[in-house]
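Peer 1: The structure that follows is given in the form of structure tokens.
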Number of protein chains: 4
Amino acid sequence: MSDHDLKIDELIDGEDLTEKQRKIIISAIESFAEKGFSATSTSEIAKKAGVAEGTIFRHYKTKKDLLLAIVAPMMAKFVAPFFIKDLKKVLDQDYENVEDFLRAMLENRREFLIKNLATVKILVQEIPFHPELKDLFKEHIALKVYALFEKLVEHYQEKDQIIQIPAYSVFRMIFSSIFGYLIARYMIMPEADWDDEAETERTIQFIMHGLAGPNSSKK
Amino acid sequence: MSDHDLKIDELIDGEDLTEKQRKIIISAIESFAEKGFSATSTSEIAKKAGVAEGTIFRHYKTKKDLLLAIVAPMMAKFVAPFFIKDLKKVLDQDYENVEDFLRAMLENRREFLIKNLATVKILVQEIPFHPELKDLFKEHIALKVYALFEKLVEHYQEKDQIIQIPAYSVFRMIFSSIFGYLIARYMIMPEADWDDEAETERTIQFIMHGLAGPNSSKK
Amino acid sequence: MSDHDLKIDELIDGEDLTEKQRKIIISAIESFAEKGFSATSTSEIAKKAGVAEGTIFRHYKTKKDLLLAIVAPMMAKFVAPFFIKDLKKVLDQDYENVEDFLRAMLENRREFLIKNLATVKILVQEIPFHPELKDLFKEHIALKVYALFEKLVEHYQEKDQIIQIPAYSVFRMIFSSIFGYLIARYMIMPEADWDDEAETERTIQFIMHGLAGPNSSKK
Amino acid sequence: MSDHDLKIDELIDGEDLTEKQRKIIISAIESFAEKGFSATSTSEIAKKAGVAEGTIFRHYKTKKDLLLAIVAPMMAKFVAPFFIKDLKKVLDQDYENVEDFLRAMLENRREFLIKNLATVKILVQEIPFHPELKDLFKEHIALKVYALFEKLVEHYQEKDQIIQIPAYSVFRMIFSSIFGYLIARYMIMPEADWDDEAETERTIQFIMHGLAGPNSSKK
DNA sequence: AATGAATGAGTATTCATTCAT
DNA sequence: AATGAATGAATACTCATTCAT
């Protein structure tokens, strides 16, 4: 189910990193997530990674390069593949109805979030301050993901499973609901006592009925 | 409709601020929103405000105090009043159905966002890094707003306008949908060409049907 | 016995000081003694004195003027008078022998020290860094005190109570012994359990025998 | 005679210091001695040493650490060894009488002072403001030096060369007299025209007779 | 006489980055 | 590849002093 998600290690090992490089990346992820990019000093990262300050700059020309080295592959390797694989399944009738698709997507994103919590935090927090990140994000999400998603919506709209509203509105609503849930669950109130199964189901049903429109009970 | 929202100026003038103090606050809001709290230097704020750097510290003992002076009153003065006033209206039958209430709330928050865009950006971006902010937020939202909201949900659930699921789930879904919309509209893609009226309506309908559940067409 | 020593208050009231001025001086003495002149900030003094920062500078043009206002009168008013009065007594045969003179001087300086501990501390600590202070000190000690002291030594040398060595050597030895005692007693180890009477006597005897020379037992 | 005293250079080279570190220490000693610790700025030290200001903080985490790096080894390496070596000589009958011991000690401390004048000045001036320094000093002087000194006094008291008064009184008197002399000679009035040989002799004789008591001529 | 807001130079310390080893 | 000493600009914050009220 989540075989298309890689572990952090895989992310990092993907390119041939030295042991030191791995330690630097891991330390940087921890610190960036905890205190923010610009509140984290390179000397702090070096200390936590157990390497000399100079070593960081041997591998990453600037501190910002280090940030990009953490955040860019996440966008490149993980966001896109998911939708591409899953869209195929939808079109190939693997998911006969929206509900199954939503459930699959939610669980898939949940696993991704759990594995990449820190990195996602960094991404979300730093995007507003770094135009390059914004551009990277737009490129990956807007052009690759959203384009596919649009077809998917049309697919279900033809089957009358989704109300006739613009695809971008559907996208926004699904996105808001699923990520609203995951963010609350894993980033805002991870310490609360969640009944994951029930909450997931409610979220799916909320989206389902919301998108089905007034004739939802006809089904 | 939005007479209970104050302008930034009012916020700032609320307490007797000197002219210099006002300039400092305004400059700080601008810079914090644009580059983030810790990437903004006090010398930069001073320069932009046209005051000496020392002047900042005469009024705000630390840079963090300056942040709190910006963010704290927003939570104290704006978040709470809205719900308290509107809840009354609901219980006094001013809003006979959920739909009217949601619409009022969405418009009210929209106006608030438009007026306080920068400050809200700062709040959202800095909350993860400052436990005091998190605490302030919890205190205001969780204790004051959420408690009232719960009653409201029960009120509509008794009238069968909302499906029988836990209030916190309802809260999360409404919150996700409305703020998902507003954030996309004003913070992520403000430059896009939005049909506000239609989009608002779709969002309201999405929530309405989502919360009405399978029997929504009965109505 | 100590009627020629004035209290701090008198020192301060000597010149007509306003209430605020008095508080400033007292606060400054405390802080200068505790942390040193240059480690003490004027704002700190103002706070401790309960006055506005500007008030200090209304009375004392600079921080250094404040230091001088504390230290200068002590030298002017206290160091000189003592010796002048006591020298007269010696020459008038009030003290027939060295011993009585030494005892009187030690007790007199002890009282002075106890009353002006903080101010003396400041004087001692700051003299090395302020040439004006050094000059003031030399003027008072070297020219007034030492000159008189020289006569006194000669007086006792003529009476064969003091060995025939240069007056400045005698001065140095007496000074070292008495102030060595008082400094140890009141500044270095004030918390120790001192038998003042015995220790005073030992010090006097030490000086007496030291200055009497090899024939001291003849007496 | 003074082979157990090391030069500043040795002090500094003792631990492996880089060239820059040496320059920093030397500049700091000069400035601290001249203007006092807290009136000396790190930028001033850096400039005088010809290094970047940051370099100071690479080697000494804080300005105070720099002070301790200067003052602590002086206490550790120089104060203790002297007495230990010399005490042995006394007990081994190398110094048959007090006079020889005093003379040796005075000359030894004189050489030490001449070589370490600036550092001693710093120590003396800063001790009142830094409890850690006071503690270090007490540890070295009180526990190591004084304890040995006590035995020495008893040794001579048994031989009837020193009057029967408490060892701490003897200690104080010798200390006052010798350091009173050295301080006057090298720190207060170094510019005066001193006849060192005669003055030393007078000081020794003063102590000798002072401690011998009334029966001093019996000898 | 007294205030306290305002200043700009200065403070100790940290920063990201470079470079010789 | 890795180090860590070295840097100089930047950092948040403090300073003594001025001045309009």
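In the structure tokens, each chain is lettered A, B, ... as it comes, each chain's residues begin at 1, and ligands are numbered from 1 in order of appearance.
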Give chain A as an mmCIF file with C-alpha atoms, in the first residue's frame once it has been least-squares superposed onto chain D over every C-alpha atom, paired in order.

Peer 2:
```cif
data_model
loop_
_atom_site.group_PDB
_atom_site.id
_atom_site.type_symbol
_atom_site.label_atom_id
_atom_site.label_comp_id
_atom_site.auth_asym_id
_atom_site.auth_seq_id
_atom_site.Cartn_x
_atom_site.Cartn_y
_atom_site.Cartn_z
ATOM 1 C CA MET A 1 67.230 31.841 43.254
ATOM 2 C CA SER A 2 64.310 32.506 41.031
ATOM 3 C CA ASP A 3 64.465 29.435 38.945
ATOM 4 C CA HIS A 4 61.044 28.482 40.145
ATOM 5 C CA ASP A 5 59.566 31.578 38.590
ATOM 6 C CA LEU A 6 58.595 31.322 34.999
ATOM 7 C CA LYS A 7 58.387 34.115 32.513
ATOM 8 C CA ILE A 8 55.111 35.306 31.136
ATOM 9 C CA ASP A 9 55.981 33.560 27.935
ATOM 10 C CA GLU A 10 56.384 30.320 29.756
ATOM 11 C CA LEU A 11 53.112 30.899 31.481
ATOM 12 C CA ILE A 12 51.479 31.368 28.187
ATOM 13 C CA ASP A 13 53.336 28.713 26.290
ATOM 14 C CA GLY A 14 52.747 26.329 29.091
ATOM 15 C CA GLU A 15 49.631 25.227 27.376
ATOM 16 C CA ASP A 16 50.053 24.961 23.653
ATOM 17 C CA LEU A 17 48.837 28.329 22.462
ATOM 18 C CA THR A 18 48.666 29.389 18.875
ATOM 19 C CA GLU A 19 50.483 32.539 17.877
ATOM 20 C CA LYS A 20 47.168 34.399 17.681
ATOM 21 C CA GLN A 21 46.171 33.154 21.077
ATOM 22 C CA ARG A 22 49.424 34.456 22.527
ATOM 23 C CA LYS A 23 48.852 37.867 21.009
ATOM 24 C CA ILE A 24 45.335 37.954 22.387
ATOM 25 C CA ILE A 25 46.499 37.120 25.886
ATOM 26 C CA ILE A 26 49.288 39.664 25.804
ATOM 27 C CA SER A 27 47.009 42.396 24.519
ATOM 28 C CA ALA A 28 44.357 41.553 27.063
ATOM 29 C CA ILE A 29 46.848 41.666 29.928
ATOM 30 C CA GLU A 30 48.023 45.076 28.821
ATOM 31 C CA SER A 31 44.553 46.516 28.490
ATOM 32 C CA PHE A 32 43.051 44.921 31.570
ATOM 33 C CA ALA A 33 45.920 46.204 33.670
ATOM 34 C CA GLU A 34 45.700 49.674 32.247
ATOM 35 C CA LYS A 35 41.959 50.289 32.178
ATOM 36 C CA GLY A 36 40.399 47.497 34.152
ATOM 37 C CA PHE A 37 38.517 44.440 32.968
ATOM 38 C CA SER A 38 35.100 45.909 32.383
ATOM 39 C CA ALA A 39 36.395 49.121 30.856
ATOM 40 C CA THR A 40 38.256 47.108 28.240
ATOM 41 C CA SER A 41 36.350 46.041 25.148
ATOM 42 C CA THR A 42 36.967 42.878 23.234
ATOM 43 C CA SER A 43 37.183 44.808 19.992
ATOM 44 C CA GLU A 44 39.975 46.844 21.508
ATOM 45 C CA ILE A 45 41.856 43.697 22.459
ATOM 46 C CA ALA A 46 41.306 42.263 19.001
ATOM 47 C CA LYS A 47 42.640 45.388 17.354
ATOM 48 C CA LYS A 48 45.699 45.525 19.584
ATOM 49 C CA ALA A 49 46.352 41.826 19.021
ATOM 50 C CA GLY A 50 45.905 42.151 15.297
ATOM 51 C CA VAL A 51 43.260 39.463 15.088
ATOM 52 C CA ALA A 52 39.615 39.454 14.092
ATOM 53 C CA GLU A 53 37.043 39.999 16.811
ATOM 54 C CA GLY A 54 35.637 36.558 16.250
ATOM 55 C CA THR A 55 38.987 34.928 16.871
ATOM 56 C CA ILE A 56 38.921 35.880 20.519
ATOM 57 C CA PHE A 57 35.650 34.095 20.998
ATOM 58 C CA ARG A 58 36.849 31.029 19.193
ATOM 59 C CA HIS A 59 39.428 30.548 21.923
ATOM 60 C CA TYR A 60 37.626 31.997 24.918
ATOM 61 C CA LYS A 61 33.912 31.525 25.036
ATOM 62 C CA THR A 62 33.335 34.779 26.872
ATOM 63 C CA LYS A 63 35.282 37.836 27.844
ATOM 64 C CA LYS A 64 35.333 36.566 31.388
ATOM 65 C CA ASP A 65 36.875 33.297 30.264
ATOM 66 C CA LEU A 66 39.686 35.358 28.847
ATOM 67 C CA LEU A 67 40.177 37.024 32.204
ATOM 68 C CA LEU A 68 40.265 33.672 33.940
ATOM 69 C CA ALA A 69 42.690 32.325 31.367
ATOM 70 C CA ILE A 70 45.044 35.121 32.368
ATOM 71 C CA VAL A 71 44.606 35.123 36.080
ATOM 72 C CA ALA A 72 43.957 31.512 37.003
ATOM 73 C CA PRO A 73 47.258 29.968 35.920
ATOM 74 C CA MET A 74 49.125 32.660 37.774
ATOM 75 C CA MET A 75 47.560 31.520 40.973
ATOM 76 C CA ALA A 76 47.816 27.878 40.173
ATOM 77 C CA LYS A 77 51.369 27.762 38.948
ATOM 78 C CA PHE A 78 53.205 30.391 40.870
ATOM 79 C CA VAL A 79 51.787 31.047 44.264
ATOM 80 C CA ALA A 80 51.798 27.534 45.499
ATOM 81 C CA PRO A 81 55.116 26.147 44.239
ATOM 82 C CA PHE A 82 57.137 28.840 45.868
ATOM 83 C CA PHE A 83 56.047 28.126 49.353
ATOM 84 C CA ILE A 84 56.136 24.433 48.948
ATOM 85 C CA LYS A 85 59.735 24.499 47.757
ATOM 86 C CA ASP A 86 60.804 27.057 50.298
ATOM 87 C CA LEU A 87 59.038 25.506 53.185
ATOM 88 C CA LYS A 88 60.944 22.319 52.530
ATOM 89 C CA LYS A 89 64.184 24.235 52.688
ATOM 90 C CA VAL A 90 63.198 25.714 56.005
ATOM 91 C CA LEU A 91 62.280 22.444 57.502
ATOM 92 C CA ASP A 92 65.428 20.937 56.070
ATOM 93 C CA GLN A 93 67.328 23.658 57.933
ATOM 94 C CA ASP A 94 68.264 25.497 54.781
ATOM 95 C CA TYR A 95 67.213 28.702 56.484
ATOM 96 C CA GLU A 96 68.413 28.553 60.001
ATOM 97 C CA ASN A 97 66.703 31.751 61.100
ATOM 98 C CA VAL A 98 63.659 33.808 60.233
ATOM 99 C CA GLU A 99 65.728 36.573 58.781
ATOM 100 C CA ASP A 100 67.188 34.459 56.014
ATOM 101 C CA PHE A 101 63.794 33.082 55.205
ATOM 102 C CA LEU A 102 62.193 36.515 55.049
ATOM 103 C CA ARG A 103 64.952 37.851 52.874
ATOM 104 C CA ALA A 104 64.626 34.932 50.484
ATOM 105 C CA MET A 105 60.901 35.297 50.347
ATOM 106 C CA LEU A 106 61.010 39.019 49.784
ATOM 107 C CA GLU A 107 63.481 38.718 46.932
ATOM 108 C CA ASN A 108 61.580 35.866 45.422
ATOM 109 C CA ARG A 109 58.311 37.783 45.499
ATOM 110 C CA ARG A 110 60.017 40.874 44.182
ATOM 111 C CA GLU A 111 61.206 39.031 41.104
ATOM 112 C CA PHE A 112 57.807 37.553 40.635
ATOM 113 C CA LEU A 113 56.183 40.952 40.867
ATOM 114 C CA ILE A 114 58.589 42.529 38.425
ATOM 115 C CA LYS A 115 57.945 39.825 35.886
ATOM 116 C CA ASN A 116 54.206 39.700 36.394
ATOM 117 C CA LEU A 117 53.390 43.224 37.313
ATOM 118 C CA ALA A 118 50.505 43.637 34.926
ATOM 119 C CA THR A 119 48.961 40.295 35.711
ATOM 120 C CA VAL A 120 49.208 40.877 39.430
ATOM 121 C CA LYS A 121 47.593 44.272 39.004
ATOM 122 C CA ILE A 122 44.706 42.624 37.207
ATOM 123 C CA LEU A 123 44.380 39.991 39.879
ATOM 124 C CA VAL A 124 44.363 42.507 42.703
ATOM 125 C CA GLN A 125 41.936 44.826 40.954
ATOM 126 C CA GLU A 126 39.460 42.252 39.766
ATOM 127 C CA ILE A 127 39.305 39.952 42.770
ATOM 128 C CA PRO A 128 36.673 42.078 44.563
ATOM 129 C CA PHE A 129 34.277 41.818 41.640
ATOM 130 C CA HIS A 130 34.529 38.162 40.736
ATOM 131 C CA PRO A 131 33.569 35.571 43.323
ATOM 132 C CA GLU A 132 35.169 32.825 41.261
ATOM 133 C CA LEU A 133 38.467 34.629 41.497
ATOM 134 C CA LYS A 134 38.033 35.067 45.207
ATOM 135 C CA ASP A 135 37.315 31.365 45.535
ATOM 136 C CA LEU A 136 40.298 30.415 43.434
ATOM 137 C CA PHE A 137 42.459 32.687 45.524
ATOM 138 C CA LYS A 138 41.208 31.346 48.800
ATOM 139 C CA GLU A 139 41.722 27.814 47.628
ATOM 140 C CA HIS A 140 45.319 28.459 46.643
ATOM 141 C CA ILE A 141 46.406 30.826 49.346
ATOM 142 C CA ALA A 142 44.325 29.827 52.303
ATOM 143 C CA LEU A 143 44.448 26.110 51.896
ATOM 144 C CA LYS A 144 47.863 25.499 50.388
ATOM 145 C CA VAL A 145 50.021 28.427 51.283
ATOM 146 C CA TYR A 146 48.641 29.376 54.632
ATOM 147 C CA ALA A 147 48.604 25.825 55.927
ATOM 148 C CA LEU A 148 52.284 25.455 55.153
ATOM 149 C CA PHE A 149 53.068 28.865 56.495
ATOM 150 C CA GLU A 150 51.457 27.967 59.786
ATOM 151 C CA LYS A 151 53.863 25.087 60.253
ATOM 152 C CA LEU A 152 56.721 27.368 59.439
ATOM 153 C CA VAL A 153 55.696 29.862 62.074
ATOM 154 C CA GLU A 154 55.377 27.150 64.647
ATOM 155 C CA HIS A 155 58.803 25.919 63.646
ATOM 156 C CA TYR A 156 60.366 29.308 64.406
ATOM 157 C CA GLN A 157 58.239 29.848 67.469
ATOM 158 C CA GLU A 158 59.636 26.630 68.900
ATOM 159 C CA LYS A 159 63.100 28.015 68.255
ATOM 160 C CA ASP A 160 61.965 31.199 70.061
ATOM 161 C CA GLN A 161 62.714 33.342 67.044
ATOM 162 C CA ILE A 162 59.110 34.467 66.840
ATOM 163 C CA ILE A 163 56.945 35.768 69.636
ATOM 164 C CA GLN A 164 54.070 33.620 70.872
ATOM 165 C CA ILE A 165 51.094 35.008 69.038
ATOM 166 C CA PRO A 166 48.636 33.229 66.717
ATOM 167 C CA ALA A 167 50.101 32.162 63.393
ATOM 168 C CA TYR A 168 47.486 34.083 61.449
ATOM 169 C CA SER A 169 48.597 37.297 63.154
ATOM 170 C CA VAL A 170 52.191 36.572 62.234
ATOM 171 C CA PHE A 171 51.091 35.794 58.715
ATOM 172 C CA ARG A 172 49.173 39.038 58.440
ATOM 173 C CA MET A 173 52.052 41.126 59.738
ATOM 174 C CA ILE A 174 54.675 39.592 57.500
ATOM 175 C CA PHE A 175 52.347 39.731 54.561
ATOM 176 C CA SER A 176 51.400 43.369 55.222
ATOM 177 C CA SER A 177 54.997 44.461 55.618
ATOM 178 C CA ILE A 178 56.435 42.677 52.633
ATOM 179 C CA PHE A 179 53.608 43.397 50.264
ATOM 180 C CA GLY A 180 53.175 46.879 51.671
ATOM 181 C CA TYR A 181 56.748 47.430 50.602
ATOM 182 C CA LEU A 182 56.506 45.762 47.204
ATOM 183 C CA ILE A 183 53.236 47.422 46.313
ATOM 184 C CA ALA A 184 54.563 50.843 47.250
ATOM 185 C CA ARG A 185 57.794 50.112 45.434
ATOM 186 C CA TYR A 186 56.448 48.673 42.188
ATOM 187 C CA MET A 187 52.819 49.686 41.915
ATOM 188 C CA ILE A 188 52.179 52.934 43.746
ATOM 189 C CA MET A 189 55.412 54.844 43.393
ATOM 190 C CA PRO A 190 57.557 52.999 40.850
ATOM 191 C CA GLU A 191 58.841 56.284 39.550
ATOM 192 C CA ALA A 192 60.349 57.356 42.900
ATOM 193 C CA ASP A 193 64.059 57.037 43.566
ATOM 194 C CA TRP A 194 64.324 53.936 45.731
ATOM 195 C CA ASP A 195 67.396 52.622 47.499
ATOM 196 C CA ASP A 196 66.251 49.052 47.170
ATOM 197 C CA GLU A 197 68.958 47.427 49.235
ATOM 198 C CA ALA A 198 68.527 49.722 52.215
ATOM 199 C CA GLU A 199 64.753 49.679 52.032
ATOM 200 C CA THR A 200 64.673 45.932 51.858
ATOM 201 C CA GLU A 201 66.938 45.662 54.846
ATOM 202 C CA ARG A 202 64.817 48.075 56.873
ATOM 203 C CA THR A 203 61.722 46.120 56.048
ATOM 204 C CA ILE A 204 63.300 42.845 57.101
ATOM 205 C CA GLN A 205 64.581 44.386 60.320
ATOM 206 C CA PHE A 206 61.177 45.938 61.009
ATOM 207 C CA ILE A 207 59.512 42.556 60.738
ATOM 208 C CA MET A 208 62.258 40.837 62.683
ATOM 209 C CA HIS A 209 62.069 43.155 65.653
ATOM 210 C CA GLY A 210 58.326 43.412 65.463
ATOM 211 C CA LEU A 211 57.990 39.655 65.690
ATOM 212 C CA ALA A 212 60.790 39.152 68.167
ATOM 213 C CA GLY A 213 58.887 41.045 70.795
ATOM 214 C CA PRO A 214 60.235 42.912 73.832
ATOM 215 C CA ASN A 215 63.155 40.524 74.363
ATOM 216 C CA SER A 216 64.491 41.061 70.901
ATOM 217 C CA SER A 217 67.801 42.465 72.086
ATOM 218 C CA LYS A 218 68.544 39.366 74.153
ATOM 219 C CA LYS A 219 69.529 37.552 71.055
#
```

Peer 1: Near chain B, meaning an atom within 8 Å, which residues of chain F appear when counting only C-alpha atoms (C1' of nucleotides)? Write them as a ChimeraX atom specification.

Peer 2: /F:11-13

Peer 1: If you measure from atom C1' of E:DG4 to atom C1' of F:DT14, what distance in Å do you get, rounded to one decimal?

Peer 2: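 About the pair atom C1' of E:DG4 and atom C1' of F:DT14: they are 16.6 Å apart.
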
Peer 1: Near chain B, meaning an atom within 12 Å, which residues of chain E appear when counting only C-alpha atoms (C1' of nucleotides)? Write them as a list in words.

Peer 2: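 Selected residues: DG4, DA5, DA6, DT7, DG8, DA9 and DG10 of chain E.
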
Peer 1: With N, CA, C and O atoms (P, O5', C5', C4', C3', O3' and C1' of nucleotides) retained, could you export that selection as a PDB file, in the first residue's frame?

Peer 2:
```pdb
ATOM      1  P    DG E   4       9.170  59.358  34.428  1.00  0.00           P
ATOM      2  O5'  DG E   4       9.441  59.064  32.901  1.00  0.00           O
ATOM      3  C5'  DG E   4       8.631  59.664  31.904  1.00  0.00           C
ATOM      4  C4'  DG E   4       9.344  59.554  30.568  1.00  0.00           C
ATOM      5  C3'  DG E   4      10.048  58.213  30.332  1.00  0.00           C
ATOM      6  O3'  DG E   4      10.098  57.958  28.946  1.00  0.00           O
ATOM      7  C1'  DG E   4      11.603  59.861  30.179  1.00  0.00           C
ATOM      8  P    DA E   5       9.195  56.940  28.275  1.00  0.00           P
ATOM      9  O5'  DA E   5       9.163  57.442  26.764  1.00  0.00           O
ATOM     10  C5'  DA E   5       8.560  58.698  26.458  1.00  0.00           C
ATOM     11  C4'  DA E   5       9.314  59.359  25.320  1.00  0.00           C
ATOM     12  C3'  DA E   5       9.740  58.411  24.209  1.00  0.00           C
ATOM     13  O3'  DA E   5       9.626  59.144  22.992  1.00  0.00           O
ATOM     14  C1'  DA E   5      11.671  59.415  25.133  1.00  0.00           C
ATOM     15  P    DA E   6       9.910  58.418  21.631  1.00  0.00           P
ATOM     16  O5'  DA E   6      11.440  58.743  21.393  1.00  0.00           O
ATOM     17  C5'  DA E   6      11.792  60.073  21.021  1.00  0.00           C
ATOM     18  C4'  DA E   6      13.290  60.138  20.864  1.00  0.00           C
ATOM     19  C3'  DA E   6      13.878  59.047  19.966  1.00  0.00           C
ATOM     20  O3'  DA E   6      14.304  59.653  18.762  1.00  0.00           O
ATOM     21  C1'  DA E   6      15.188  59.444  21.924  1.00  0.00           C
ATOM     22  P    DT E   7      14.960  58.795  17.644  1.00  0.00           P
ATOM     23  O5'  DT E   7      16.488  58.859  18.079  1.00  0.00           O
ATOM     24  C5'  DT E   7      17.125  60.134  18.082  1.00  0.00           C
ATOM     25  C4'  DT E   7      18.518  59.994  18.669  1.00  0.00           C
ATOM     26  C3'  DT E   7      19.391  59.018  17.894  1.00  0.00           C
ATOM     27  O3'  DT E   7      20.399  59.735  17.234  1.00  0.00           O
ATOM     28  C1'  DT E   7      19.643  58.767  20.246  1.00  0.00           C
ATOM     29  P    DG E   8      20.682  59.558  15.731  1.00  0.00           P
ATOM     30  O5'  DG E   8      22.184  59.063  15.800  1.00  0.00           O
ATOM     31  C5'  DG E   8      23.133  59.787  16.567  1.00  0.00           C
ATOM     32  C4'  DG E   8      24.210  58.834  17.053  1.00  0.00           C
ATOM     33  C3'  DG E   8      24.610  57.763  16.019  1.00  0.00           C
ATOM     34  O3'  DG E   8      25.952  57.402  16.312  1.00  0.00           O
ATOM     35  C1'  DG E   8      23.849  56.714  17.891  1.00  0.00           C
ATOM     36  P    DA E   9      27.051  57.436  15.322  1.00  0.00           P
ATOM     37  O5'  DA E   9      28.345  57.244  16.227  1.00  0.00           O
ATOM     38  C5'  DA E   9      28.406  57.919  17.484  1.00  0.00           C
ATOM     39  C4'  DA E   9      28.822  56.950  18.581  1.00  0.00           C
ATOM     40  C3'  DA E   9      29.826  55.887  18.115  1.00  0.00           C
ATOM     41  O3'  DA E   9      30.839  55.795  19.099  1.00  0.00           O
ATOM     42  C1'  DA E   9      27.977  54.838  19.159  1.00  0.00           C
ATOM     43  P    DG E  10      31.997  54.757  19.005  1.00  0.00           P
ATOM     44  O5'  DG E  10      31.531  53.593  19.989  1.00  0.00           O
ATOM     45  C5'  DG E  10      31.100  53.948  21.300  1.00  0.00           C
ATOM     46  C4'  DG E  10      30.692  52.710  22.044  1.00  0.00           C
ATOM     47  C3'  DG E  10      31.594  51.501  21.791  1.00  0.00           C
ATOM     48  O3'  DG E  10      31.898  50.924  23.044  1.00  0.00           O
ATOM     49  C1'  DG E  10      29.353  50.923  21.396  1.00  0.00           C
TER      50       DG E  10
END
```
